[in-house]
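S.K.: Supplied structure: start08.pdb, PDB, C-alpha atoms, pLDDT in the B column.
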```pdb
ATOM      1  CA  MET A   1       0.000   0.000   0.000  1.00 41.00           C
ATOM      2  CA  ASP A   2       1.261   3.452  -0.881  1.00 56.00           C
ATOM      3  CA  LYS A   3       2.251   5.672   2.002  1.00 73.00           C
ATOM      4  CA  VAL A   4      -0.415   8.233   2.844  1.00 84.00           C
ATOM      5  CA  LYS A   5       0.805  11.684   1.828  1.00 94.00           C
ATOM      6  CA  SER A   6       0.589  14.574   4.265  1.00 97.00           C
ATOM      7  CA  PRO A   7       1.438  17.898   2.559  1.00 98.00           C
ATOM      8  CA  CYS A   8       1.150  21.305   4.187  1.00 98.00           C
ATOM      9  CA  ILE A   9       1.323  25.010   3.396  1.00 98.00           C
ATOM     10  CA  ALA A  10       3.107  27.517   5.654  1.00 98.00           C
ATOM     11  CA  SER A  11       2.606  31.277   5.289  1.00 98.00           C
ATOM     12  CA  ILE A  12       5.126  33.275   7.293  1.00 97.00           C
ATOM     13  CA  PHE A  13       4.378  36.860   8.310  1.00 95.00           C
ATOM     14  CA  MET A  14       5.549  39.505  10.787  1.00 93.00           C
ATOM     15  CA  ARG A  15       3.611  41.905  13.010  1.00 91.00           C
ATOM     16  CA  ASN A  16       3.723  44.694  10.427  1.00 88.00           C
ATOM     17  CA  ILE A  17       1.279  42.705   8.251  1.00 90.00           C
ATOM     18  CA  ASP A  18      -2.352  43.770   8.536  1.00 89.00           C
ATOM     19  CA  GLU A  19      -4.696  41.185  10.094  1.00 92.00           C
ATOM     20  CA  LYS A  20      -7.031  41.510   7.109  1.00 94.00           C
ATOM     21  CA  THR A  21      -4.230  40.447   4.779  1.00 94.00           C
ATOM     22  CA  VAL A  22      -3.678  37.277   6.805  1.00 96.00           C
ATOM     23  CA  SER A  23      -7.403  36.535   6.922  1.00 97.00           C
ATOM     24  CA  LEU A  24      -7.984  37.124   3.212  1.00 97.00           C
ATOM     25  CA  GLN A  25      -5.075  34.944   2.182  1.00 98.00           C
ATOM     26  CA  GLN A  26      -6.458  32.131   4.341  1.00 98.00           C
ATOM     27  CA  GLN A  27      -9.879  32.541   2.724  1.00 98.00           C
ATOM     28  CA  VAL A  28      -8.499  32.415  -0.822  1.00 98.00           C
ATOM     29  CA  VAL A  29      -6.337  29.375  -0.041  1.00 98.00           C
ATOM     30  CA  LYS A  30      -9.351  27.658   1.517  1.00 98.00           C
ATOM     31  CA  LYS A  31     -11.517  28.390  -1.541  1.00 98.00           C
ATOM     32  CA  PHE A  32      -9.023  26.780  -3.924  1.00 98.00           C
ATOM     33  CA  ASN A  33      -7.810  24.011  -1.572  1.00 98.00           C
ATOM     34  CA  LYS A  34      -9.827  21.109  -3.003  1.00 97.00           C
ATOM     35  CA  SER A  35      -7.518  18.532  -1.395  1.00 97.00           C
ATOM     36  CA  ASN A  36      -7.842  20.098   2.080  1.00 97.00           C
ATOM     37  CA  ILE A  37      -4.102  20.559   2.507  1.00 98.00           C
ATOM     38  CA  ALA A  38      -3.207  21.836   5.973  1.00 98.00           C
ATOM     39  CA  HIS A  39      -2.440  25.585   5.921  1.00 98.00           C
ATOM     40  CA  TYR A  40      -0.511  27.215   8.760  1.00 98.00           C
ATOM     41  CA  PRO A  41      -0.226  31.002   9.134  1.00 97.00           C
ATOM     42  CA  VAL A  42       3.049  31.515  11.013  1.00 97.00           C
ATOM     43  CA  LEU A  43       3.711  34.730  12.932  1.00 97.00           C
ATOM     44  CA  THR A  44       7.440  35.303  13.459  1.00 96.00           C
ATOM     45  CA  GLU A  45       9.747  37.927  14.896  1.00 94.00           C
ATOM     46  CA  ALA A  46      12.792  36.310  13.289  1.00 94.00           C
ATOM     47  CA  ASN A  47      14.466  36.520   9.897  1.00 92.00           C
ATOM     48  CA  PRO A  48      12.304  34.725   7.268  1.00 93.00           C
ATOM     49  CA  GLY A  49      15.119  32.374   6.266  1.00 96.00           C
ATOM     50  CA  TYR A  50      15.763  31.397   9.885  1.00 97.00           C
ATOM     51  CA  THR A  51      12.043  30.779  10.398  1.00 97.00           C
ATOM     52  CA  MET A  52      11.867  28.619   7.265  1.00 98.00           C
ATOM     53  CA  ASP A  53      14.789  26.544   8.573  1.00 97.00           C
ATOM     54  CA  LYS A  54      13.044  25.902  11.898  1.00 98.00           C
ATOM     55  CA  LEU A  55       9.665  25.196  10.321  1.00 98.00           C
ATOM     56  CA  VAL A  56      10.909  22.186   8.363  1.00 98.00           C
ATOM     57  CA  ASP A  57      11.634  20.353  11.619  1.00 98.00           C
ATOM     58  CA  MET A  58       8.410  21.513  13.273  1.00 98.00           C
ATOM     59  CA  LEU A  59       6.215  20.529  10.339  1.00 98.00           C
ATOM     60  CA  GLU A  60       7.919  17.160   9.971  1.00 98.00           C
ATOM     61  CA  LYS A  61       7.216  16.466  13.643  1.00 98.00           C
ATOM     62  CA  LYS A  62       3.546  17.177  12.890  1.00 97.00           C
ATOM     63  CA  GLY A  63       3.693  14.364  10.346  1.00 97.00           C
ATOM     64  CA  HIS A  64       3.966  16.402   7.157  1.00 98.00           C
ATOM     65  CA  ASP A  65       6.144  15.069   4.354  1.00 98.00           C
ATOM     66  CA  ALA A  66       5.946  17.941   1.843  1.00 98.00           C
ATOM     67  CA  ILE A  67       5.967  21.699   2.400  1.00 98.00           C
ATOM     68  CA  MET A  68       4.873  24.702   0.383  1.00 98.00           C
ATOM     69  CA  TYR A  69       6.175  28.045   1.611  1.00 98.00           C
ATOM     70  CA  LEU A  70       3.565  30.540   0.429  1.00 98.00           C
ATOM     71  CA  ASP A  71       4.102  34.217   1.252  1.00 97.00           C
ATOM     72  CA  ILE A  72       1.255  35.951   3.024  1.00 96.00           C
ATOM     73  CA  ASP A  73       0.791  38.164  -0.068  1.00 96.00           C
ATOM     74  CA  CYS A  74       0.766  35.250  -2.516  1.00 98.00           C
ATOM     75  CA  VAL A  75      -2.403  33.335  -3.438  1.00 98.00           C
ATOM     76  CA  PRO A  76      -3.497  30.485  -5.724  1.00 98.00           C
ATOM     77  CA  LEU A  77      -5.684  31.509  -8.661  1.00 98.00           C
ATOM     78  CA  ASN A  78      -7.715  28.326  -9.146  1.00 97.00           C
ATOM     79  CA  ASP A  79      -8.335  24.929  -7.603  1.00 96.00           C
ATOM     80  CA  ASN A  80      -5.609  23.253  -9.663  1.00 96.00           C
ATOM     81  CA  ALA A  81      -2.675  25.368  -8.470  1.00 98.00           C
ATOM     82  CA  LEU A  82      -1.963  23.828  -5.071  1.00 98.00           C
ATOM     83  CA  ASP A  83      -2.364  20.241  -6.269  1.00 98.00           C
ATOM     84  CA  TYR A  84      -0.161  20.914  -9.304  1.00 98.00           C
ATOM     85  CA  PHE A  85       2.728  22.032  -7.106  1.00 98.00           C
ATOM     86  CA  PHE A  86       2.422  19.139  -4.670  1.00 98.00           C
ATOM     87  CA  GLU A  87       2.054  16.552  -7.435  1.00 98.00           C
ATOM     88  CA  ARG A  88       5.325  17.791  -8.907  1.00 98.00           C
ATOM     89  CA  ALA A  89       7.024  17.770  -5.497  1.00 98.00           C
ATOM     90  CA  TYR A  90       5.937  14.192  -4.783  1.00 98.00           C
ATOM     91  CA  SER A  91       7.223  13.150  -8.209  1.00 98.00           C
ATOM     92  CA  GLY A  92      10.713  14.163  -7.058  1.00 97.00           C
ATOM     93  CA  LYS A  93      10.941  17.750  -8.274  1.00 98.00           C
ATOM     94  CA  LEU A  94      11.722  21.018  -6.577  1.00 98.00           C
ATOM     95  CA  ILE A  95       9.097  23.454  -7.849  1.00 98.00           C
ATOM     96  CA  GLY A  96       8.591  27.177  -7.367  1.00 98.00           C
ATOM     97  CA  ASP A  97       7.929  30.511  -8.997  1.00 98.00           C
ATOM     98  CA  ALA A  98      10.831  32.156 -10.787  1.00 97.00           C
ATOM     99  CA  GLN A  99      12.958  34.727  -9.017  1.00 94.00           C
ATOM    100  CA  ARG A 100      16.359  36.309  -9.470  1.00 92.00           C
ATOM    101  CA  SER A 101      18.493  38.175  -6.928  1.00 83.00           C
ATOM    102  CA  ASN A 102      19.377  41.178  -9.067  1.00 68.00           C
ATOM    103  CA  HIS A 103      21.509  42.690  -6.291  1.00 69.00           C
ATOM    104  CA  ILE A 104      23.867  39.686  -6.346  1.00 70.00           C
ATOM    105  CA  GLN A 105      26.346  38.922  -9.115  1.00 72.00           C
ATOM    106  CA  ASN A 106      25.742  35.189  -9.482  1.00 65.00           C
ATOM    107  CA  GLY A 107      25.401  34.647 -13.216  1.00 65.00           C
ATOM    108  CA  GLN A 108      21.722  35.608 -13.475  1.00 82.00           C
ATOM    109  CA  HIS A 109      20.809  32.595 -11.352  1.00 87.00           C
ATOM    110  CA  VAL A 110      17.057  31.948 -11.511  1.00 94.00           C
ATOM    111  CA  PHE A 111      15.706  29.980  -8.563  1.00 95.00           C
ATOM    112  CA  ALA A 112      12.535  28.693  -6.906  1.00 97.00           C
ATOM    113  CA  ALA A 113      11.370  31.769  -5.026  1.00 96.00           C
ATOM    114  CA  PRO A 114      10.799  31.790  -1.254  1.00 95.00           C
ATOM    115  CA  HIS A 115       7.361  33.332  -1.798  1.00 96.00           C
ATOM    116  CA  ASN A 116       6.182  30.071  -3.357  1.00 97.00           C
ATOM    117  CA  VAL A 117       8.433  27.019  -3.243  1.00 98.00           C
ATOM    118  CA  THR A 118       7.399  23.394  -2.703  1.00 98.00           C
ATOM    119  CA  PHE A 119       9.488  20.332  -1.853  1.00 98.00           C
ATOM    120  CA  THR A 120       9.341  17.051   0.022  1.00 98.00           C
ATOM    121  CA  VAL A 121      11.030  16.729   3.385  1.00 98.00           C
ATOM    122  CA  GLU A 122      12.798  13.631   2.054  1.00 98.00           C
ATOM    123  CA  MET A 123      14.423  15.672  -0.728  1.00 98.00           C
ATOM    124  CA  TYR A 124      15.393  18.406   1.706  1.00 98.00           C
ATOM    125  CA  ARG A 125      17.118  15.879   3.976  1.00 98.00           C
ATOM    126  CA  LYS A 126      18.925  14.235   1.064  1.00 98.00           C
ATOM    127  CA  LEU A 127      20.287  17.640   0.041  1.00 98.00           C
ATOM    128  CA  GLY A 128      21.822  18.033   3.494  1.00 98.00           C
ATOM    129  CA  ASN A 129      19.216  20.347   5.071  1.00 98.00           C
ATOM    130  CA  PRO A 130      20.301  23.484   3.177  1.00 97.00           C
ATOM    131  CA  SER A 131      19.591  26.679   5.076  1.00 97.00           C
ATOM    132  CA  PHE A 132      17.056  29.135   3.711  1.00 97.00           C
ATOM    133  CA  MET A 133      19.181  32.004   5.033  1.00 96.00           C
ATOM    134  CA  PRO A 134      20.973  34.243   2.513  1.00 93.00           C
ATOM    135  CA  ASN A 135      24.605  33.348   1.908  1.00 93.00           C
ATOM    136  CA  TYR A 136      27.553  34.331  -0.270  1.00 91.00           C
ATOM    137  CA  ARG A 137      25.917  33.138  -3.500  1.00 91.00           C
ATOM    138  CA  GLY A 138      22.214  33.730  -3.027  1.00 86.00           C
ATOM    139  CA  ASP A 139      19.306  35.384  -1.230  1.00 90.00           C
ATOM    140  CA  VAL A 140      16.569  33.828   0.952  1.00 92.00           C
ATOM    141  CA  ALA A 141      15.889  30.198  -0.104  1.00 95.00           C
ATOM    142  CA  GLU A 142      18.209  30.418  -3.120  1.00 95.00           C
ATOM    143  CA  GLU A 143      20.601  27.843  -1.712  1.00 96.00           C
ATOM    144  CA  LEU A 144      17.912  25.159  -1.999  1.00 98.00           C
ATOM    145  CA  THR A 145      17.880  25.555  -5.788  1.00 97.00           C
ATOM    146  CA  PHE A 146      21.684  25.598  -5.955  1.00 95.00           C
ATOM    147  CA  LYS A 147      21.842  22.342  -3.980  1.00 97.00           C
ATOM    148  CA  ALA A 148      19.121  20.705  -6.072  1.00 98.00           C
ATOM    149  CA  ARG A 149      20.916  21.573  -9.331  1.00 96.00           C
ATOM    150  CA  GLU A 150      24.209  20.271  -7.989  1.00 97.00           C
ATOM    151  CA  ALA A 151      22.492  16.995  -7.015  1.00 98.00           C
ATOM    152  CA  ASN A 152      20.770  16.706 -10.430  1.00 98.00           C
ATOM    153  CA  ILE A 153      17.357  16.982  -8.812  1.00 98.00           C
ATOM    154  CA  PRO A 154      14.769  18.016 -11.436  1.00 98.00           C
ATOM    155  CA  ILE A 155      13.589  21.591 -10.928  1.00 98.00           C
ATOM    156  CA  GLU A 156      10.439  23.150 -12.335  1.00 98.00           C
ATOM    157  CA  ILE A 157      10.525  26.936 -12.384  1.00 98.00           C
ATOM    158  CA  ILE A 158       7.141  28.574 -13.024  1.00 98.00           C
ATOM    159  CA  MET A 159       7.527  31.686 -15.152  1.00 97.00           C
ATOM    160  CA  PRO A 160       5.748  35.039 -14.858  1.00 97.00           C
ATOM    161  CA  LEU A 161       2.974  35.512 -17.404  1.00 97.00           C
ATOM    162  CA  ARG A 162       2.254  39.206 -16.725  1.00 96.00           C
ATOM    163  CA  TYR A 163       2.381  41.813 -13.979  1.00 96.00           C
ATOM    164  CA  ASP A 164       0.061  44.596 -12.867  1.00 95.00           C
ATOM    165  CA  ALA A 165       2.448  47.472 -12.102  1.00 92.00           C
ATOM    166  CA  PRO A 166       6.148  48.421 -12.118  1.00 91.00           C
ATOM    167  CA  PRO A 167       8.155  47.789  -8.942  1.00 87.00           C
ATOM    168  CA  ILE A 168       8.413  50.603  -6.416  1.00 83.00           C
ATOM    169  CA  ARG A 169      12.060  51.611  -6.542  1.00 76.00           C
ATOM    170  CA  MET A 170      14.166  51.915  -3.410  1.00 71.00           C
ATOM    171  CA  ASP A 171      16.151  55.085  -2.680  1.00 70.00           C
ATOM    172  CA  TRP A 172      19.410  53.257  -3.280  1.00 66.00           C
ATOM    173  CA  GLU A 173      18.427  52.013  -6.752  1.00 68.00           C
ATOM    174  CA  PRO A 174      19.478  53.914  -9.905  1.00 73.00           C
ATOM    175  CA  LYS A 175      16.872  56.416 -11.090  1.00 74.00           C
ATOM    176  CA  ASP A 176      17.039  54.970 -14.620  1.00 75.00           C
ATOM    177  CA  SER A 177      16.154  51.445 -13.427  1.00 79.00           C
ATOM    178  CA  PRO A 178      13.714  49.729 -15.822  1.00 82.00           C
ATOM    179  CA  PRO A 179      10.016  49.479 -14.833  1.00 86.00           C
ATOM    180  CA  TYR A 180      10.296  45.747 -14.081  1.00 89.00           C
ATOM    181  CA  TRP A 181      12.517  43.132 -12.466  1.00 85.00           C
ATOM    182  CA  ASP A 182      14.744  40.999 -14.672  1.00 88.00           C
ATOM    183  CA  LEU A 183      15.107  37.256 -14.721  1.00 93.00           C
ATOM    184  CA  ALA A 184      17.852  35.763 -16.891  1.00 86.00           C
ATOM    185  CA  ASP A 185      18.375  37.042 -20.434  1.00 86.00           C
ATOM    186  CA  GLY A 186      15.479  36.102 -22.690  1.00 89.00           C
ATOM    187  CA  MET A 187      13.116  35.310 -19.838  1.00 92.00           C
ATOM    188  CA  PRO A 188       9.913  37.241 -19.021  1.00 94.00           C
ATOM    189  CA  LYS A 189       9.968  40.268 -16.718  1.00 94.00           C
ATOM    190  CA  TYR A 190       8.047  40.593 -13.474  1.00 93.00           C
ATOM    191  CA  GLY A 191       6.819  43.316 -11.121  1.00 94.00           C
ATOM    192  CA  ILE A 192       4.114  44.158  -8.598  1.00 95.00           C
ATOM    193  CA  GLY A 193       1.134  41.838  -8.876  1.00 96.00           C
ATOM    194  CA  THR A 194       2.805  39.132 -10.953  1.00 97.00           C
ATOM    195  CA  THR A 195       0.771  36.208 -12.260  1.00 98.00           C
ATOM    196  CA  PHE A 196       2.826  33.010 -12.512  1.00 98.00           C
ATOM    197  CA  GLY A 197       1.702  30.078 -14.607  1.00 98.00           C
ATOM    198  CA  LEU A 198       2.199  27.735 -17.526  1.00 96.00           C
ATOM    199  CA  THR A 199       2.331  28.493 -21.239  1.00 91.00           C
ATOM    200  CA  ASN A 200       0.945  25.779 -23.487  1.00 86.00           C
ATOM    201  CA  LYS A 201       2.335  24.837 -26.900  1.00 84.00           C
ATOM    202  CA  ASP A 202      -0.620  26.514 -28.600  1.00 87.00           C
ATOM    203  CA  GLY A 203       0.199  29.812 -26.902  1.00 83.00           C
ATOM    204  CA  THR A 204      -2.569  29.667 -24.314  1.00 88.00           C
ATOM    205  CA  SER A 205      -1.685  29.973 -20.657  1.00 92.00           C
ATOM    206  CA  LEU A 206      -2.790  28.567 -17.313  1.00 95.00           C
ATOM    207  CA  ASP A 207      -2.626  30.981 -14.380  1.00 97.00           C
ATOM    208  CA  LEU A 208      -1.487  29.354 -11.134  1.00 98.00           C
ATOM    209  CA  PHE A 209      -0.418  31.907  -8.507  1.00 98.00           C
ATOM    210  CA  TRP A 210      -0.431  35.668  -8.001  1.00 98.00           C
ATOM    211  CA  HIS A 211       2.194  37.409  -5.855  1.00 98.00           C
ATOM    212  CA  MET A 212       1.853  41.035  -4.892  1.00 95.00           C
ATOM    213  CA  TYR A 213       5.442  41.842  -3.775  1.00 91.00           C
ATOM    214  CA  GLN A 214       6.517  44.903  -1.771  1.00 85.00           C
ATOM    215  CA  SER A 215       3.648  44.562   0.696  1.00 78.00           C
ATOM    216  CA  PHE A 216       5.433  46.924   3.083  1.00 74.00           C
ATOM    217  CA  HIS A 217       4.792  49.957   0.837  1.00 76.00           C
ATOM    218  CA  PRO A 218       1.775  52.253   1.410  1.00 74.00           C
ATOM    219  CA  GLY A 219      -1.135  51.410  -0.853  1.00 76.00           C
ATOM    220  CA  GLN A 220      -0.077  47.852  -1.494  1.00 82.00           C
ATOM    221  CA  ASN A 221      -2.378  46.443   1.163  1.00 87.00           C
ATOM    222  CA  GLU A 222      -5.365  47.843  -0.739  1.00 91.00           C
ATOM    223  CA  ARG A 223      -4.100  46.163  -3.926  1.00 93.00           C
ATOM    224  CA  PHE A 224      -3.913  42.807  -2.166  1.00 95.00           C
ATOM    225  CA  ILE A 225      -7.351  43.208  -0.569  1.00 95.00           C
ATOM    226  CA  LYS A 226      -8.925  43.958  -3.961  1.00 95.00           C
ATOM    227  CA  LYS A 227      -7.250  40.963  -5.589  1.00 97.00           C
ATOM    228  CA  CYS A 228      -8.448  38.614  -2.852  1.00 98.00           C
ATOM    229  CA  GLU A 229     -11.972  40.010  -2.896  1.00 97.00           C
ATOM    230  CA  ASP A 230     -12.112  39.600  -6.683  1.00 97.00           C
ATOM    231  CA  LEU A 231     -11.023  35.956  -6.337  1.00 98.00           C
ATOM    232  CA  LEU A 232     -13.469  35.251  -3.529  1.00 98.00           C
ATOM    233  CA  ASN A 233     -16.353  36.826  -5.402  1.00 96.00           C
ATOM    234  CA  GLY A 234     -15.470  35.375  -8.778  1.00 86.00           C
TER     235      GLY A 234
END
```
Taking this structure as input, can you express it in the form of structure tokens?
M.R.:
Amino acid sequence: MDKVKSPCIASIFMRNIDEKTVSLQQQVVKKFNKSNIAHYPVLTEANPGYTMDKLVDMLEKKGHDAIMYLDIDCVPLNDNALDYFFERAYSGKLIGDAQRSNHIQNGQHVFAAPHNVTFTVEMYRKLGNPSFMPNYRGDVAEELTFKAREANIPIEIIMPLRYDAPPIRMDWEPKDSPPYWDLADGMPKYGIGTTFGLTNKDGTSLDLFWHMYQSFHPGQNERFIKKCEDLLNG
């Protein structure tokens, strides 16, 4: 008899996140969670990478064998999205939305983003329990993708299909920065309110997840609330 699978979703957030944001994300996940995967909102005072490290052990002790880290401002867009990610993880893949650390010179390395990355605990252990903390060659969670590539673990990176608005630029960024974030050369761009999904051979696409980004900026909370309300009412 096949072993019974026990996946889970963990959404990490800090005290600066509005309670309505947490509640709405839970509601959207619940609406599209046809397999009733356990979903844990996790309040932390610690660095996100440190919290992700600790959560693997805690969730394994609860009996979970696969984990999706899903940012509090990231939501599934239909009732296929969550199952798609976990099916791929249980097949032996590391899967996540595309991201690149543009502030690090690491050869345009594209990795499974910490806002939405899914893996089995067994894979994580086989890779040597890589830390989700930033290090000399990558940002939060980037080391997991490095380790998977080095171990020839199959990786499925979900590309951005479109985005709603340009990123809000930081004071330290050049004033002539482009109105988007770059992935590797030839790959799609992304920004605030990015829809990630699959592109079919006939050119049609399947939306899977939407990530707001930059939730700490004024006005972004309203953007997230509207997106969630549209999904809940749709």
S.K.: Take the PyMOL selection byres ((chain A and resi 90-97) around 10), apply it to the structure above, and return the hits as an NGL selection string.
M.R.: :A and (5 or 7 or 65-66 or 68-70 or 84-89 or 98-99 or 110-124 or 144-145 or 148-149 or 153-160 or 195-197 or 208-211)
S.K.: The selected residues should be written to file as a PDB file, keeping the file's coordinate frame (atoms: C-alpha atoms).
M.R.:
```pdb
ATOM      1  CA  LYS A   5       0.805  11.684   1.828  1.00 94.00           C
ATOM      2  CA  PRO A   7       1.438  17.898   2.559  1.00 98.00           C
ATOM      3  CA  ASP A  65       6.144  15.069   4.354  1.00 98.00           C
ATOM      4  CA  ALA A  66       5.946  17.941   1.843  1.00 98.00           C
ATOM      5  CA  MET A  68       4.873  24.702   0.383  1.00 98.00           C
ATOM      6  CA  TYR A  69       6.175  28.045   1.611  1.00 98.00           C
ATOM      7  CA  LEU A  70       3.565  30.540   0.429  1.00 98.00           C
ATOM      8  CA  TYR A  84      -0.161  20.914  -9.304  1.00 98.00           C
ATOM      9  CA  PHE A  85       2.728  22.032  -7.106  1.00 98.00           C
ATOM     10  CA  PHE A  86       2.422  19.139  -4.670  1.00 98.00           C
ATOM     11  CA  GLU A  87       2.054  16.552  -7.435  1.00 98.00           C
ATOM     12  CA  ARG A  88       5.325  17.791  -8.907  1.00 98.00           C
ATOM     13  CA  ALA A  89       7.024  17.770  -5.497  1.00 98.00           C
ATOM     14  CA  ALA A  98      10.831  32.156 -10.787  1.00 97.00           C
ATOM     15  CA  GLN A  99      12.958  34.727  -9.017  1.00 94.00           C
ATOM     16  CA  VAL A 110      17.057  31.948 -11.511  1.00 94.00           C
ATOM     17  CA  PHE A 111      15.706  29.980  -8.563  1.00 95.00           C
ATOM     18  CA  ALA A 112      12.535  28.693  -6.906  1.00 97.00           C
ATOM     19  CA  ALA A 113      11.370  31.769  -5.026  1.00 96.00           C
ATOM     20  CA  PRO A 114      10.799  31.790  -1.254  1.00 95.00           C
ATOM     21  CA  HIS A 115       7.361  33.332  -1.798  1.00 96.00           C
ATOM     22  CA  ASN A 116       6.182  30.071  -3.357  1.00 97.00           C
ATOM     23  CA  VAL A 117       8.433  27.019  -3.243  1.00 98.00           C
ATOM     24  CA  THR A 118       7.399  23.394  -2.703  1.00 98.00           C
ATOM     25  CA  PHE A 119       9.488  20.332  -1.853  1.00 98.00           C
ATOM     26  CA  THR A 120       9.341  17.051   0.022  1.00 98.00           C
ATOM     27  CA  VAL A 121      11.030  16.729   3.385  1.00 98.00           C
ATOM     28  CA  GLU A 122      12.798  13.631   2.054  1.00 98.00           C
ATOM     29  CA  MET A 123      14.423  15.672  -0.728  1.00 98.00           C
ATOM     30  CA  TYR A 124      15.393  18.406   1.706  1.00 98.00           C
ATOM     31  CA  LEU A 144      17.912  25.159  -1.999  1.00 98.00           C
ATOM     32  CA  THR A 145      17.880  25.555  -5.788  1.00 97.00           C
ATOM     33  CA  ALA A 148      19.121  20.705  -6.072  1.00 98.00           C
ATOM     34  CA  ARG A 149      20.916  21.573  -9.331  1.00 96.00           C
ATOM     35  CA  ILE A 153      17.357  16.982  -8.812  1.00 98.00           C
ATOM     36  CA  PRO A 154      14.769  18.016 -11.436  1.00 98.00           C
ATOM     37  CA  ILE A 155      13.589  21.591 -10.928  1.00 98.00           C
ATOM     38  CA  GLU A 156      10.439  23.150 -12.335  1.00 98.00           C
ATOM     39  CA  ILE A 157      10.525  26.936 -12.384  1.00 98.00           C
ATOM     40  CA  ILE A 158       7.141  28.574 -13.024  1.00 98.00           C
ATOM     41  CA  MET A 159       7.527  31.686 -15.152  1.00 97.00           C
ATOM     42  CA  PRO A 160       5.748  35.039 -14.858  1.00 97.00           C
ATOM     43  CA  THR A 195       0.771  36.208 -12.260  1.00 98.00           C
ATOM     44  CA  PHE A 196       2.826  33.010 -12.512  1.00 98.00           C
ATOM     45  CA  GLY A 197       1.702  30.078 -14.607  1.00 98.00           C
ATOM     46  CA  LEU A 208      -1.487  29.354 -11.134  1.00 98.00           C
ATOM     47  CA  PHE A 209      -0.418  31.907  -8.507  1.00 98.00           C
ATOM     48  CA  TRP A 210      -0.431  35.668  -8.001  1.00 98.00           C
ATOM     49  CA  HIS A 211       2.194  37.409  -5.855  1.00 98.00           C
TER      50      HIS A 211
END
```
S.K.: Neighbours of Leu43 in chain A within 8 Å (all atoms listed in the file; same-chain residues fewer than 5 positions away dropped), as a list in words?
M.R.: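 Selected residues are Ile12, Phe13, Met14 and Arg15 of chain A.
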S.K.: Can I get the selected residues back with C-alpha atoms, as a compact mmCIF listing (two decimals), keeping the file's coordinate frame?
M.R.:
```
# COMPACT_ATOMS: atom_id res chain seq x y z
CA ILE A 12 5.13 33.28 7.29
CA PHE A 13 4.38 36.86 8.31
CA MET A 14 5.55 39.51 10.79
CA ARG A 15 3.61 41.90 13.01
```
S.K.: Pick from A:Gly234, A:Pro130, A:Gly63, A:Gly203: nearest to Tyr50 in chain A, with all atoms listed in the file counted?
M.R.: A:Pro130
S.K.: Mind giving me the axis-aligned box for range 160-170 of chain A with 4 Å on every side, centre plus edges in Å to one decimal, as AutoDock Vina command-line options?
M.R.:
```
--center_x 7.1 --center_y 43.5 --center_z -10.4 --size_x 22.1 --size_y 24.9 --size_z 22.0
```
S.K.: Have a look at CA of Leu55 in chain A and CA of Ser6 in chain A and let me know their distance in Å, one decimal.
M.R.: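 Answer for the CA of Leu55 in chain A to CA of Ser6 in chain A separation: 15.2 Å.
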S.K.: Go through A:Pro76, A:Pro134, A:Gly128, A:Ala141 and flag the residue nearest Ile104 in chain A, using only C-alpha atoms for the distances.
M.R.: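 Ranking A:Pro76, A:Pro134, A:Gly128, A:Ala141 by distance to Ile104 in chain A, first place goes to A:Pro134.
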S.K.: Show me the residues close to (3.4, 42.3, -8.6) - anything with an atom within 8 Å, counting all atoms listed in the file - and format the list as a count of residues only.
M.R.: 16
S.K.: Which residue is closest to Met170 in chain A? Choose from A:Phe216, A:Phe32, A:Tyr40, A:Tyr136 and count all atoms listed in the file.
M.R.: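 Using all atoms listed in the file, the shortest distance to Met170 in chain A belongs to A:Phe216.
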S.K.: Quick check on the file I pasted: which residues fall under the PyMOL selection byres ((chain A and resi 39) around 12)? Write them as a compact mmCIF listing (two decimals) with C-alpha atoms, keeping the file's coordinate frame.
M.R.:
```
# COMPACT_ATOMS: atom_id res chain seq x y z
CA SER A 6 0.59 14.57 4.26
CA PRO A 7 1.44 17.90 2.56
CA CYS A 8 1.15 21.30 4.19
CA ILE A 9 1.32 25.01 3.40
CA ALA A 10 3.11 27.52 5.65
CA SER A 11 2.61 31.28 5.29
CA ILE A 12 5.13 33.28 7.29
CA VAL A 22 -3.68 37.28 6.80
CA GLN A 25 -5.08 34.94 2.18
CA GLN A 26 -6.46 32.13 4.34
CA GLN A 27 -9.88 32.54 2.72
CA VAL A 28 -8.50 32.42 -0.82
CA VAL A 29 -6.34 29.38 -0.04
CA LYS A 30 -9.35 27.66 1.52
CA PHE A 32 -9.02 26.78 -3.92
CA ASN A 33 -7.81 24.01 -1.57
CA SER A 35 -7.52 18.53 -1.40
CA ASN A 36 -7.84 20.10 2.08
CA ILE A 37 -4.10 20.56 2.51
CA ALA A 38 -3.21 21.84 5.97
CA TYR A 40 -0.51 27.22 8.76
CA PRO A 41 -0.23 31.00 9.13
CA VAL A 42 3.05 31.52 11.01
CA LEU A 59 6.22 20.53 10.34
CA HIS A 64 3.97 16.40 7.16
CA ILE A 67 5.97 21.70 2.40
CA MET A 68 4.87 24.70 0.38
CA TYR A 69 6.18 28.04 1.61
CA LEU A 70 3.56 30.54 0.43
CA ASP A 71 4.10 34.22 1.25
CA ILE A 72 1.25 35.95 3.02
CA LEU A 82 -1.96 23.83 -5.07
```
S.K.: So how many Å separate CA of Phe132 in chain A and CA of Ala151 in chain A, to one decimal?
M.R.: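 For CA of Phe132 in chain A relative to CA of Ala151 in chain A, the distance reads 17.1 Å.
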S.K.: Can you write range 193-204 of chain A from the block above with C-alpha atoms, as an mmCIF file, in the first residue's frame?
M.R.:
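Dumped to out.cif:
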```
data_model
loop_
_atom_site.group_PDB
_atom_site.id
_atom_site.type_symbol
_atom_site.label_atom_id
_atom_site.label_comp_id
_atom_site.auth_asym_id
_atom_site.auth_seq_id
_atom_site.Cartn_x
_atom_site.Cartn_y
_atom_site.Cartn_z
ATOM 1 C CA GLY A 193 1.134 41.838 -8.876
ATOM 2 C CA THR A 194 2.805 39.132 -10.953
ATOM 3 C CA THR A 195 0.771 36.208 -12.260
ATOM 4 C CA PHE A 196 2.826 33.010 -12.512
ATOM 5 C CA GLY A 197 1.702 30.078 -14.607
ATOM 6 C CA LEU A 198 2.199 27.735 -17.526
ATOM 7 C CA THR A 199 2.331 28.493 -21.239
ATOM 8 C CA ASN A 200 0.945 25.779 -23.487
ATOM 9 C CA LYS A 201 2.335 24.837 -26.900
ATOM 10 C CA ASP A 202 -0.620 26.514 -28.600
ATOM 11 C CA GLY A 203 0.199 29.812 -26.902
ATOM 12 C CA THR A 204 -2.569 29.667 -24.314
#
```
